[in-house]
2 protein chains.
Amino acid sequence: MRSAAAEDLIFHALADPSRRAIFESLVRGELAVKDLTARFDISQPAVSQHLATLRNAGLVSGRSEGRCIYYRVEPKGLKPLADWLSHYRAFWTDRLGRLDALLEKLEDP
Amino acid sequence: MRSAAAEDLIFHALADPSRRAIFESLVRGELAVKDLTARFDISQPAVSQHLATLRNAGLVSGRSEGRCIYYRVEPKGLKPLADWLSHYRAFWTDRLGRLDALLEKLEDP
DNA sequence: CCAAGCCATAAGCATGCGCTTATATCTCAG
DNA sequence: CTGAGATATAAGCGCATGCTTATGGCTTGG
(Lines give C-alpha, C1' and ligand atoms only; values in the text may rest on other atoms or scores of the structure.)
Protein backbone atom coordinates (compact mmCIF):
# COMPACT_ATOMS: atom_id res chain seq x y z
CA MET A 1 0.00 0.00 0.00
CA ARG A 2 2.15 2.82 1.32
CA SER A 3 5.56 3.08 -0.21
CA ALA A 4 8.45 2.09 1.95
CA ALA A 5 9.38 4.76 4.42
CA ALA A 6 12.82 6.29 4.55
CA GLU A 7 13.42 4.50 7.82
CA ASP A 8 12.98 1.16 6.12
CA LEU A 9 15.62 1.90 3.51
CA ILE A 10 18.04 3.42 6.01
CA PHE A 11 17.77 0.69 8.63
CA HIS A 12 18.06 -1.96 5.95
CA ALA A 13 21.05 -0.26 4.36
CA LEU A 14 22.90 0.08 7.66
CA ALA A 15 22.00 -3.39 8.89
CA ASP A 16 24.70 -4.97 6.77
CA PRO A 17 28.21 -4.73 8.29
CA SER A 18 29.92 -4.35 4.92
CA ARG A 19 27.63 -1.51 3.99
CA ARG A 20 28.16 0.20 7.33
CA ALA A 21 31.93 -0.16 6.86
CA ILE A 22 31.72 1.40 3.41
CA PHE A 23 29.61 4.22 4.79
CA GLU A 24 32.05 4.86 7.60
CA SER A 25 34.92 4.89 5.14
CA LEU A 26 33.19 7.56 3.11
CA VAL A 27 32.76 9.75 6.17
CA ARG A 28 36.44 10.61 6.08
CA GLY A 29 36.17 11.85 2.54
CA GLU A 30 35.41 11.05 -1.05
CA LEU A 31 36.43 7.67 -2.39
CA ALA A 32 36.12 6.08 -5.79
CA VAL A 33 34.69 2.62 -6.26
CA LYS A 34 38.13 1.29 -7.05
CA ASP A 35 39.44 2.61 -3.71
CA LEU A 36 36.67 0.89 -1.79
CA THR A 37 37.20 -2.29 -3.79
CA ALA A 38 40.89 -2.18 -2.87
CA ARG A 39 40.33 -1.85 0.87
CA PHE A 40 37.49 -4.32 1.33
CA ASP A 41 37.96 -7.95 0.42
CA ILE A 42 34.90 -8.16 -1.76
CA SER A 43 34.56 -7.89 -5.51
CA GLN A 44 33.94 -4.64 -7.35
CA PRO A 45 30.33 -5.52 -8.24
CA ALA A 46 29.64 -6.22 -4.59
CA VAL A 47 30.90 -2.76 -3.73
CA SER A 48 28.78 -1.21 -6.48
CA GLN A 49 25.71 -3.04 -5.23
CA HIS A 50 26.32 -1.85 -1.67
CA LEU A 51 26.77 1.68 -2.95
CA ALA A 52 23.52 1.42 -4.89
CA THR A 53 21.71 0.40 -1.73
CA LEU A 54 23.27 3.24 0.25
CA ARG A 55 22.51 5.72 -2.51
CA ASN A 56 18.91 4.52 -2.77
CA ALA A 57 18.60 5.13 0.97
CA GLY A 58 19.85 8.68 0.53
CA LEU A 59 22.97 8.03 2.56
CA VAL A 60 25.61 8.60 -0.13
CA SER A 61 25.88 10.22 -3.53
CA GLY A 62 28.24 9.79 -6.45
CA ARG A 63 30.18 12.33 -8.48
CA SER A 64 31.48 11.29 -11.87
CA GLU A 65 34.94 12.51 -12.77
CA GLY A 66 36.64 11.02 -15.79
CA ARG A 67 36.62 7.26 -15.62
CA CYS A 68 36.10 7.18 -11.89
CA ILE A 69 33.01 7.79 -9.79
CA TYR A 70 33.68 9.34 -6.42
CA TYR A 71 31.20 8.68 -3.64
CA ARG A 72 30.63 10.75 -0.55
CA VAL A 73 28.32 10.76 2.44
CA GLU A 74 25.14 12.73 2.00
CA PRO A 75 24.95 15.15 4.95
CA LYS A 76 21.21 14.93 5.40
CA GLY A 77 21.03 11.20 4.82
CA LEU A 78 20.99 10.26 8.47
CA LYS A 79 18.33 12.77 9.38
CA PRO A 80 15.39 10.31 9.22
CA LEU A 81 17.32 8.00 11.51
CA ALA A 82 18.02 10.85 13.91
CA ASP A 83 14.36 11.83 13.79
CA TRP A 84 13.24 8.29 14.51
CA LEU A 85 15.69 8.04 17.37
CA SER A 86 14.73 11.39 18.84
CA HIS A 87 11.19 10.11 19.23
CA TYR A 88 12.42 7.94 22.09
CA ARG A 89 14.54 10.54 23.83
CA ALA A 90 12.65 9.84 27.05
CA PHE A 91 14.47 6.54 27.26
CA TRP A 92 18.02 7.71 27.46
CA THR A 93 19.66 10.47 29.38
CA ASP A 94 23.15 11.28 28.16
CA ARG A 95 24.14 12.89 24.87
CA LEU A 96 20.54 13.94 24.54
CA GLY A 97 21.04 17.65 24.59
CA ARG A 98 23.69 17.61 21.91
CA LEU A 99 21.60 15.39 19.68
CA ASP A 100 18.55 17.60 20.06
CA ALA A 101 20.59 20.67 19.22
CA LEU A 102 21.82 18.95 16.11
CA LEU A 103 18.32 17.93 15.09
CA GLU A 104 17.03 21.46 15.42
CA LYS A 105 19.88 22.72 13.33
CA LEU A 106 19.05 20.17 10.67
CA GLU A 107 15.39 21.03 10.66
CA ASP A 108 15.85 24.78 10.64
CA PRO A 109 17.67 25.89 7.51
CA MET B 1 39.72 -2.92 17.16
CA ARG B 2 36.28 -1.70 17.72
CA SER B 3 33.61 -4.30 18.41
CA ALA B 4 30.51 -3.60 16.42
CA ALA B 5 28.45 -6.51 17.67
CA ALA B 6 25.87 -4.38 19.46
CA GLU B 7 25.30 -2.19 16.42
CA ASP B 8 24.92 -5.24 14.24
CA LEU B 9 22.22 -6.71 16.43
CA ILE B 10 20.38 -3.41 16.84
CA PHE B 11 20.44 -2.40 13.19
CA HIS B 12 19.40 -5.87 12.16
CA ALA B 13 16.61 -5.99 14.71
CA LEU B 14 15.21 -2.62 13.65
CA ALA B 15 15.60 -3.27 9.93
CA ASP B 16 12.42 -5.35 9.85
CA PRO B 17 9.24 -3.23 9.71
CA SER B 18 7.23 -5.68 11.83
CA ARG B 19 9.88 -5.65 14.50
CA ARG B 20 10.05 -1.87 14.47
CA ALA B 21 6.26 -1.72 14.77
CA ILE B 22 6.35 -4.08 17.75
CA PHE B 23 9.09 -2.00 19.34
CA GLU B 24 7.14 1.19 18.81
CA SER B 25 4.05 -0.40 20.34
CA LEU B 26 5.99 -1.27 23.44
CA VAL B 27 7.18 2.30 23.85
CA ARG B 28 3.72 3.29 25.05
CA GLY B 29 3.83 0.74 27.80
CA GLU B 30 4.01 -2.90 28.71
CA LEU B 31 2.23 -5.38 26.49
CA ALA B 32 1.81 -9.13 26.68
CA VAL B 33 2.51 -11.37 23.73
CA LYS B 34 -1.18 -11.98 23.29
CA ASP B 35 -1.82 -8.22 23.00
CA LEU B 36 0.80 -7.86 20.28
CA THR B 37 -0.55 -10.92 18.52
CA ALA B 38 -3.99 -9.34 18.56
CA ARG B 39 -2.95 -6.05 17.01
CA PHE B 40 -0.59 -7.32 14.33
CA ASP B 41 -1.83 -9.66 11.65
CA ILE B 42 0.86 -12.24 12.19
CA SER B 43 0.78 -15.46 14.18
CA GLN B 44 1.76 -15.69 17.81
CA PRO B 45 5.02 -17.59 17.09
CA ALA B 46 6.01 -14.85 14.66
CA VAL B 47 5.53 -12.30 17.43
CA SER B 48 7.56 -14.40 19.84
CA GLN B 49 10.37 -14.73 17.31
CA HIS B 50 10.44 -10.98 16.74
CA LEU B 51 10.48 -10.41 20.48
CA ALA B 52 13.36 -12.85 20.84
CA THR B 53 15.33 -10.89 18.24
CA LEU B 54 14.56 -7.59 19.95
CA ARG B 55 15.43 -9.04 23.35
CA ASN B 56 18.70 -10.46 22.02
CA ALA B 57 19.57 -6.99 20.76
CA GLY B 58 18.93 -5.55 24.22
CA LEU B 59 16.01 -3.47 23.02
CA VAL B 60 13.23 -5.06 25.07
CA SER B 61 12.85 -7.26 28.13
CA GLY B 62 10.13 -9.55 29.39
CA ARG B 63 8.45 -9.76 32.77
CA SER B 64 6.58 -12.95 33.63
CA GLU B 65 3.31 -12.48 35.48
CA GLY B 66 1.01 -15.44 35.75
CA ARG B 67 0.34 -17.01 32.43
CA CYS B 68 1.30 -13.88 30.51
CA ILE B 69 4.70 -12.41 29.74
CA TYR B 70 4.73 -8.64 29.55
CA TYR B 71 7.37 -7.01 27.39
CA ARG B 72 8.68 -3.50 27.71
CA VAL B 73 11.29 -1.31 26.06
CA GLU B 74 14.70 -1.47 27.64
CA PRO B 75 15.69 2.13 28.43
CA LYS B 76 19.36 1.78 27.54
CA GLY B 77 18.73 -0.42 24.54
CA LEU B 78 18.98 2.37 22.00
CA LYS B 79 22.12 3.87 23.50
CA PRO B 80 24.54 2.09 21.10
CA LEU B 81 22.49 3.40 18.22
CA ALA B 82 22.51 6.93 19.63
CA ASP B 83 26.26 6.65 20.18
CA TRP B 84 26.84 5.47 16.64
CA LEU B 85 24.74 8.32 15.31
CA SER B 86 26.37 10.97 17.46
CA HIS B 87 29.74 9.84 16.16
CA TYR B 88 28.97 11.75 12.96
CA ARG B 89 27.88 14.91 14.70
CA ALA B 90 31.08 16.69 13.76
CA PHE B 91 30.69 15.63 10.17
CA TRP B 92 27.13 16.87 10.03
CA THR B 93 27.77 20.24 11.57
CA ASP B 94 30.84 20.76 9.43
CA ARG B 95 29.11 19.80 6.20
CA LEU B 96 25.95 21.69 6.97
CA GLY B 97 27.96 24.70 7.95
CA ARG B 98 29.68 24.66 4.61
CA LEU B 99 26.34 24.09 2.92
CA ASP B 100 24.87 27.09 4.67
CA ALA B 101 27.84 29.16 3.67
CA LEU B 102 27.47 28.08 0.09
CA LEU B 103 23.78 28.90 0.04
CA GLU B 104 24.44 32.33 1.48
CA LYS B 105 27.10 32.92 -1.10
CA LEU B 106 24.69 31.92 -3.85
CA GLU B 107 21.87 34.07 -2.55
CA ASP B 108 23.98 37.08 -1.74
CA PRO B 109 26.60 37.73 -4.41
C1' DC C 1 -6.91 -32.72 39.41
C1' DC C 2 -7.77 -31.14 34.87
C1' DA C 3 -8.86 -28.55 30.97
C1' DA C 4 -7.70 -24.35 28.93
C1' DG C 5 -4.93 -20.19 28.10
C1' DC C 6 -0.26 -18.21 27.18
C1' DC C 7 4.06 -18.68 25.37
C1' DA C 8 8.43 -20.65 23.32
C1' DT C 9 10.52 -23.79 20.36
C1' DA C 10 10.84 -26.96 16.28
C1' DA C 11 10.30 -28.04 11.50
C1' DG C 12 9.25 -26.69 6.91
C1' DC C 13 8.69 -23.54 3.17
C1' DA C 14 9.09 -19.49 0.15
C1' DT C 15 11.41 -15.44 -0.43
C1' DG C 16 15.18 -12.19 -0.01
C1' DC C 17 19.95 -11.08 0.32
C1' DG C 18 24.90 -10.93 -0.34
C1' DC C 19 28.29 -12.64 -3.06
C1' DT C 20 30.31 -14.36 -7.24
C1' DT C 21 31.55 -14.35 -12.45
C1' DA C 22 30.39 -12.56 -16.93
C1' DT C 23 29.29 -8.77 -19.77
C1' DA C 24 27.98 -4.11 -21.51
C1' DT C 25 28.99 0.91 -21.29
C1' DC C 26 31.75 4.75 -20.94
C1' DT C 27 36.09 7.30 -20.78
C1' DC C 28 40.77 8.23 -21.59
C1' DA C 29 45.57 7.14 -23.38
C1' DG C 30 48.34 5.98 -27.37
C1' DC D 1 40.77 3.98 -33.97
C1' DT D 2 42.12 0.70 -30.64
C1' DG D 3 42.96 -1.10 -26.19
C1' DA D 4 42.70 -0.71 -21.31
C1' DG D 5 40.68 0.99 -17.00
C1' DA D 6 36.44 1.98 -14.11
C1' DT D 7 31.85 1.07 -13.19
C1' DA D 8 27.10 -0.70 -13.50
C1' DT D 9 24.08 -4.43 -14.57
C1' DA D 10 22.67 -9.35 -15.25
C1' DA D 11 22.40 -14.13 -13.98
C1' DG D 12 23.12 -17.62 -10.73
C1' DC D 13 24.20 -19.74 -6.28
C1' DG D 14 24.09 -20.61 -1.19
C1' DC D 15 22.48 -19.10 2.89
C1' DA D 16 19.79 -16.39 5.93
C1' DT D 17 15.21 -14.74 7.09
C1' DG D 18 10.34 -14.29 8.07
C1' DC D 19 6.38 -16.64 7.98
C1' DT D 20 3.48 -20.69 8.82
C1' DT D 21 1.60 -24.97 11.46
C1' DA D 22 2.53 -28.28 15.10
C1' DT D 23 3.86 -29.27 19.64
C1' DG D 24 5.39 -29.11 24.49
C1' DG D 25 6.03 -26.63 28.95
C1' DC D 26 3.87 -23.63 32.40
C1' DT D 27 0.35 -21.43 34.89
C1' DT D 28 -4.27 -20.61 36.44
C1' DG D 29 -9.40 -21.24 36.99
C1' DG D 30 -13.02 -24.46 38.00
# chains A, B, ... in the order shown; residues from 1 in each chain; ligands from 1

$ interface_residues --of "chain C" --to "chain B" --cutoff "9 Å" --atoms "only C-alpha atoms (C1' of nucleotides)" --output "ChimeraX atom specification"
/C:5-9

$ interface_residues --of "chain B" --to "chain A" --cutoff "6 Å" --atoms "only C-alpha atoms" --output "list of chain:residue names"
B:Phe11, B:His12, B:Ala15, B:Pro75, B:Trp92

$ interface_residues --of "chain D" --to "chain B" --cutoff "9 Å" --atoms "only C-alpha atoms (C1' of nucleotides)" --output "VMD selection string"
chain D and resid 18 to 20 26 to 28

$ closest_atom_pairs --of "chain C" --to "region 3-10 of chain D" --cutoff "12 Å" --atoms "only C-alpha atoms (C1' of nucleotides)" --output "Markdown table"
| residue | atom | partner | partner_atom | distance |
| --- | --- | --- | --- | --- |
| C:DT21 | C1' | D:DA10 | C1' | 10.6 |
| C:DA22 | C1' | D:DA10 | C1' | 8.5 |
| C:DT23 | C1' | D:DA10 | C1' | 8.0 |
| C:DA24 | C1' | D:DT9 | C1' | 8.0 |
| C:DT25 | C1' | D:DA8 | C1' | 8.2 |
| C:DC26 | C1' | D:DT7 | C1' | 8.6 |
| C:DT27 | C1' | D:DA6 | C1' | 8.5 |
| C:DC28 | C1' | D:DG5 | C1' | 8.6 |
| C:DA29 | C1' | D:DA4 | C1' | 8.6 |
| C:DG30 | C1' | D:DG3 | C1' | 9.0 |

$ atom_distance --atom1 "C1' of DT2 (chain D)" --atom2 "CA of Val47 (chain A)"
29.4 Å
